[in-house]
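J.: The structure follows.
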Amino acid sequence: MGGCFSVSLPCDQVVNQVSQWLCLKESYVHNLAENLASLEKAMGTLKAKRDDVQGRVDREEFTGHHRRLAQVQVWLTSILTMENQYSELLNTRDVELQRLCLCRFCSKNVKKSYLYGKRVMVMLREVESLIRQQREFDAVTDETPIAKGEELPIQSTVVGQETMIEMVWNRLMEDRVGLVGLHGMGGVGKTTLLMQINNRFSERGGGFDVVIWVVVSQNATVHKIQGSIGEKLGLGGKEWGEKSDMERAHDIHNVLRRKKFVLFLDDIWEKVNLSTIGVPYPSKVNGSKVVFTTRSRDVCGRMGVDDPIEVCCLDTDKAWDLFKKKVGEHTLGRHPDIPELAKKVAGKCRGLPLALNVIGETMASKRSVQEWRRAVDVLTSSATEFSGVEDEILPILKYSYDSLDGEVTKSCFLYCSLFPEDYLIDKERLIEYWIGEGFIDEKEGREMALNQGYDILGTLVRACLLLEDDEDEREVKMHDVVRDMAMWIASDLGKHKERCIVQARAGLCEIPKVKNWKDVRRISLMGNNIQIISESPDCPELTTLLLQRNHSLEEISDGFFQSMPKLLVLDLSYNVLRGLGMDMCNLVSLRYLNLSWTKISELHFGLYQLKMLTHLNLEETRYLERLEGISELSSLRTLKLRDSKVRLDTSLMKELQLLQHIEYITVNISSSTLVGETLFDDPRMGRCTKKVWIREKEPVKVLVLPDLDGLCYISIRSCKMLEEIKIEKTPWNKSLTSPCFSNLTRADILFCKGLKDLTWLLFAPNLTVLQVNKAIKLDEIISKEKAESVLENNIIPFQKLEFLYLTDLPELKSIYWNALPFQRLRELDIDGCPKLRKLPLNSKSVVNVEEFVIYCCHDKEWLERVEWEDEATRLRFLPSWQTP
């Protein structure tokens, strides 16, 4: 018995356990149908809750930069597993139910039915457990931090932008500023500047939630920009990438509207519609900022920035600092002459950082003084042949040219490369060239053609391909590197270098040698020392020939113009030419001819054969006295005769009236001619006469000005005996009760010693510049007595006057008897007017008084004796005074 043991259990406990097991086993089989129905209902509930949670997760992940909680992900994965298992159960459900018998109390295969029923019950409990877990999800995601800003790599040599960085940063930090635009020419350093601003945010933060950098560049699409922004915001992935632009914009907006963000858009070429992208418009309320760079000021305007920051080329000192760093002190110290040569090389870059960097890197390895001298020579004569220029600099600048809208604008831009380096180009003359070349159609009138030309100039300036002169708004110039780019494009990217012969200011003493004259389209030899032209080149394709300012040019041999049938523009101004050859008649296509400032004394009859000529400039031809035959130029539209010896008289007027297309005339008129003769009976001539010069020493006391409603400028000079200027009644203005010089914008009255007043200026309501000098008897500009007798309606003068120059007027006591509003006056010069005590100013005169300047060459005692309207007037204008 020692190897045995026994266990004693109460009988009722054993019976209970066996009974429960048998009941459970029986329920797996007997209640199978009910259990399946319960499972199906529970699965439906679980799926609905799964969909609710999944939808909530999707919304928060896509629109709030949230990440799903780990327990939620486990729950969702468990449901997916459960769904697969449930599908397997459903596949055999019908078979298992058919296996049951005896009212489902038994099965044809008890074991299989038991196992199947057990799986159903286990799954039901798990489903119910998953349903209970969902109730514990107060949150399904947590917020993931967005990187506030990533530091961008910047080349180590960043010079000359310190002041600009501070300017941009300070502008950006102003509460009222939400949108900042930076514009400037290609290669000027806009991207580098923007990178430095971006890196400041990565260093300082500034309280912003997210900083986003997007490179836009040309041909960017909404989808591409959204992709860059979405990647930064965590909105990537295949599903988001397949959404429509509108859906992606909605997602981006829902993220950023809850954030204080900074968005950098680098290198945009056209307006980026922020709302289309999904970016909330930056404002003082949301505190967000958008900063962009562009080459075009037009883009700044379309983006809604009316005061963009221009990124300019470096000044001479900063450019030299950058160049030195690129070249290196070791190279600069190799020879005593290298530093001076290096400054010349740097100077050729004209402060453009792109050029300074590329050329500086190239020269860093040049150790001999001869190599540096060679560099200066190449950059002066043909910069495109310098290493790196054609490959690295010009293609970048060419993007600005490629983005110009239309071939006309592109052609006008390339034409500017005919002028020398650093040359100030007169806008109106340039447009006249464009009209002559046919880029701009003049058929609808000169004024409309000029307006189109100024519009093109504005486009080129705003694209940073031309630069407006700081001192004279009538001129533009081209950056030297941009000029190199234009010449490169004009030569078909360097493939046809003789297509445009440009050797302006090259020190030439004769016409250059050209291998193939037949391929030449344009020639610019202005500003040289050519004395005699004896060649007879065959130039069948030549359209422009610029020979002006060869001051020694005195002879062009007969035959030079023999083979130029397509020549359209010919400029021979500022030469000592005394005549032209018979071959001028061969220029059958010529439209523009400039002979101003030459010594020609007569126009050869061959010139009158130029039936296509529309523009003839004969200003300052001091030896030219007659124009018989001018009516033969049947296409003539513009005739300029200022300060030639030709005077408008009845005979010339009759010829001019025969020119059916004439619309712009500048002319000299003798004061004696205006006495007793009516030159302007034809109102068309009154409209065509735009500028008049009256230079006369004859004893005429009263000058009677005809009513010229087209007159823009008048100069009356050295009429020493002149005492009064009156307005002549004309057939179309007999009453003279209204202004008749409605287009007159400038009047110069100089050295007219007998004049006592200029009351006639009441008839010029749009005058912007008035200059009066050396009128020693002039005691008032506008006479009250004469004004009341001349005009029935009280007209307030000088409402559009911008500049008033009064010098050497010893008797002048009054400009006007009352204070005038002077809505546009910018500058008042007073010198040599000791009796002028009271100015026509009050506390409301001059709208922009902060920009108004009064230049006074009198001593301080005169200033102290000025009689002010009241104390408020004195306090308003005293800060405007500037004395030597």
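Identifiers in this document derive from the order of the structure tokens: chains are assigned A, B, ..., residues are numbered from 1 separately in each chain, and ligands are numbered from 1 in order of occurrence.
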Could you tell me, as a PyMOL selection string, which residues of segment 342-533 of chain A DSSP assigns to strand (DSSP E or B) when given the backbone?

T.: chain A and resi 425-426+467-468+475-477+500-502+522-524+532-533

J.: Tell me, as a PyMOL selection string, which residues lie within 6 Å of Lys690 of chain A, counting only C-alpha atoms; anything in the same chain fewer than 4 positions away does not count.

T.: chain A and resi 665-666+710-712

J.: For Leu46 of chain A, please output as a PDB file with C-alpha atoms, in the first residue's frame all residues within 12 Å (counting only C-alpha atoms; exclusion window: fewer than 6 positions along the same chain).

T.:
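Once written, result_5.pdb looks like this:
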ATOM      1  CA  LEU A  39     -21.119  38.120 -33.103  1.00  0.00           C
ATOM      2  CA  GLU A  40     -22.442  39.665 -36.307  1.00  0.00           C
ATOM      3  CA  ASP A  52     -15.475  56.845 -36.239  1.00  0.00           C
ATOM      4  CA  VAL A  53     -12.036  56.535 -34.672  1.00  0.00           C
ATOM      5  CA  GLN A  54     -10.287  56.141 -38.050  1.00  0.00           C
ATOM      6  CA  TRP A  75      -6.603  48.832 -31.368  1.00  0.00           C
ATOM      7  CA  LEU A  76      -7.038  49.527 -35.093  1.00  0.00           C
ATOM      8  CA  SER A  78      -6.458  44.301 -33.696  1.00  0.00           C
ATOM      9  CA  ILE A  79      -9.720  45.114 -35.444  1.00  0.00           C
ATOM     10  CA  LEU A  80      -8.118  44.423 -38.801  1.00  0.00           C
ATOM     11  CA  MET A  82     -10.427  40.399 -36.088  1.00  0.00           C
ATOM     12  CA  GLU A  83     -12.056  41.213 -39.413  1.00  0.00           C
ATOM     13  CA  LEU A 124     -17.498  37.418 -29.492  1.00  0.00           C
ATOM     14  CA  GLU A 126     -12.769  39.672 -27.940  1.00  0.00           C
ATOM     15  CA  VAL A 127     -15.045  41.894 -30.028  1.00  0.00           C
ATOM     16  CA  GLU A 128     -16.929  43.004 -26.934  1.00  0.00           C
ATOM     17  CA  SER A 129     -13.584  43.729 -25.267  1.00  0.00           C
ATOM     18  CA  LEU A 130     -12.474  45.890 -28.217  1.00  0.00           C
ATOM     19  CA  ILE A 131     -15.755  47.764 -28.044  1.00  0.00           C
ATOM     20  CA  ARG A 132     -15.188  48.501 -24.365  1.00  0.00           C
ATOM     21  CA  GLN A 133     -11.620  49.713 -25.098  1.00  0.00           C
ATOM     22  CA  GLN A 134     -12.894  52.372 -27.498  1.00  0.00           C
ATOM     23  CA  ARG A 135     -14.739  54.090 -24.671  1.00  0.00           C
TER      24      ARG A 135
END

J.: Can you tell me, as a ChimeraX atom specification, what residues are no more than 9 Å from Ser288 of chain A when counting only C-alpha atoms, ignoring any on the same chain fewer than 2 positions away?

T.: /A:178-179,208,259-263,280-286,290

J.: Can those selected residues be exported to a file as a PDB file, in the first residue's frame so that it contains C-alpha atoms?

T.:
ATOM      1  CA  GLY A 178       2.937  90.650 -43.188  1.00  0.00           C
ATOM      2  CA  LEU A 179       4.249  90.473 -46.737  1.00  0.00           C
ATOM      3  CA  PHE A 208       7.026  81.488 -34.679  1.00  0.00           C
ATOM      4  CA  LYS A 259       0.092  78.445 -36.527  1.00  0.00           C
ATOM      5  CA  LYS A 260       2.193  81.577 -36.470  1.00  0.00           C
ATOM      6  CA  PHE A 261       4.341  80.847 -39.498  1.00  0.00           C
ATOM      7  CA  VAL A 262       7.042  82.305 -41.742  1.00  0.00           C
ATOM      8  CA  LEU A 263       6.993  81.273 -45.390  1.00  0.00           C
ATOM      9  CA  PRO A 280      -3.544  82.089 -44.957  1.00  0.00           C
ATOM     10  CA  TYR A 281      -2.791  85.690 -45.904  1.00  0.00           C
ATOM     11  CA  PRO A 282      -0.315  87.100 -43.369  1.00  0.00           C
ATOM     12  CA  SER A 283      -1.687  89.886 -41.220  1.00  0.00           C
ATOM     13  CA  LYS A 284      -1.221  91.718 -37.969  1.00  0.00           C
ATOM     14  CA  VAL A 285      -3.933  89.512 -36.457  1.00  0.00           C
ATOM     15  CA  ASN A 286      -2.332  86.132 -37.176  1.00  0.00           C
ATOM     16  CA  VAL A 290       5.542  85.710 -46.103  1.00  0.00           C
TER      17      VAL A 290
END

J.: Determine, counting only C-alpha atoms, which protein, DNA and RNA residues have an atom within 7 Å of an atom of segment 297-310 of chain A; residues of the same chain fewer than 3 positions away are not included. Present the result as JSON, numbers by chain.

T.: {"A": [179, 180, 181, 182, 183, 184, 269, 270, 271, 462, 463]}

J.: Only N, CA and C atoms, please: the residues just picked out, written as a PDB file, in the first residue's frame.

T.:
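Okay, again.pdb is ready:
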ATOM      1  N   LEU A 179       3.722  90.921 -45.454  1.00  0.00           N
ATOM      2  CA  LEU A 179       4.249  90.473 -46.737  1.00  0.00           C
ATOM      3  C   LEU A 179       5.431  91.346 -47.128  1.00  0.00           C
ATOM      4  N   VAL A 180       6.578  90.727 -47.417  1.00  0.00           N
ATOM      5  CA  VAL A 180       7.788  91.457 -47.782  1.00  0.00           C
ATOM      6  C   VAL A 180       8.309  90.902 -49.102  1.00  0.00           C
ATOM      7  N   GLY A 181       8.587  91.814 -50.054  1.00  0.00           N
ATOM      8  CA  GLY A 181       9.123  91.400 -51.350  1.00  0.00           C
ATOM      9  C   GLY A 181      10.519  91.950 -51.559  1.00  0.00           C
ATOM     10  N   LEU A 182      11.433  91.118 -52.015  1.00  0.00           N
ATOM     11  CA  LEU A 182      12.797  91.525 -52.360  1.00  0.00           C
ATOM     12  C   LEU A 182      12.966  91.340 -53.859  1.00  0.00           C
ATOM     13  N   HIS A 183      13.376  92.402 -54.550  1.00  0.00           N
ATOM     14  CA  HIS A 183      13.566  92.278 -55.996  1.00  0.00           C
ATOM     15  C   HIS A 183      14.947  92.813 -56.376  1.00  0.00           C
ATOM     16  N   GLY A 184      15.441  92.309 -57.485  1.00  0.00           N
ATOM     17  CA  GLY A 184      16.761  92.720 -57.963  1.00  0.00           C
ATOM     18  C   GLY A 184      17.175  91.848 -59.122  1.00  0.00           C
ATOM     19  N   TRP A 269       8.594  84.004 -60.301  1.00  0.00           N
ATOM     20  CA  TRP A 269       8.616  84.681 -61.606  1.00  0.00           C
ATOM     21  C   TRP A 269       7.251  85.223 -61.988  1.00  0.00           C
ATOM     22  N   GLU A 270       6.249  84.829 -61.260  1.00  0.00           N
ATOM     23  CA  GLU A 270       4.907  85.353 -61.478  1.00  0.00           C
ATOM     24  C   GLU A 270       4.158  85.296 -60.151  1.00  0.00           C
ATOM     25  N   LYS A 271       2.989  85.888 -60.130  1.00  0.00           N
ATOM     26  CA  LYS A 271       2.239  85.942 -58.877  1.00  0.00           C
ATOM     27  C   LYS A 271       1.953  84.543 -58.342  1.00  0.00           C
ATOM     28  N   ARG A 462      11.641  97.276 -64.417  1.00  0.00           N
ATOM     29  CA  ARG A 462      11.084  96.465 -63.317  1.00  0.00           C
ATOM     30  C   ARG A 462      11.609  95.037 -63.335  1.00  0.00           C
ATOM     31  N   ALA A 463      12.078  94.584 -64.515  1.00  0.00           N
ATOM     32  CA  ALA A 463      12.706  93.259 -64.612  1.00  0.00           C
ATOM     33  C   ALA A 463      14.190  93.315 -64.285  1.00  0.00           C
TER      34      ALA A 463
END

J.: Mind pulling up the distance from atom CA of Asn550 of chain A to atom CA of Val502 of chain A?

T.: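 Interatomic distance, atom CA of Val502 of chain A to atom CA of Asn550 of chain A: 14.3 Å.
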
J.: For segment 484-491 of chain A, list every protein, DNA or RNA residue within 8 Å, evaluated using only C-alpha atoms, and leave out those in the same chain fewer than 6 positions away; present the list as an MDAnalysis selection string.

T.: chainID A and resid 383:384 394 397:398 413:414 417 497:500

J.: So, with only C-alpha atoms as the atoms that count, which of A:Leu274, A:Val72, A:Val853, A:Met526 lies closest to Leu572 of chain A?

T.: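 Smallest distance to Leu572 of chain A is found for A:Met526.
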
J.: Could you work out how far atom CA of Thr883 of chain A lies from atom CA of Asn766 of chain A, giving the answer in Å with one decimal?

T.: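 Taking atom CA of Asn766 of chain A as the start and atom CA of Thr883 of chain A as the end point, the length is 29.2 Å.
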
J.: Tell me, in Å to one decimal, how far atom CA of Arg746 of chain A is from atom CA of Asp649 of chain A.

T.: 23.8 Å

J.: Just the alpha helix (DSSP H) stuff from segment 547-665 of chain A, please, per backbone DSSP, written as JSON, numbers by chain.

T.: {"A": [650, 651, 652, 653, 654, 655, 656, 657]}
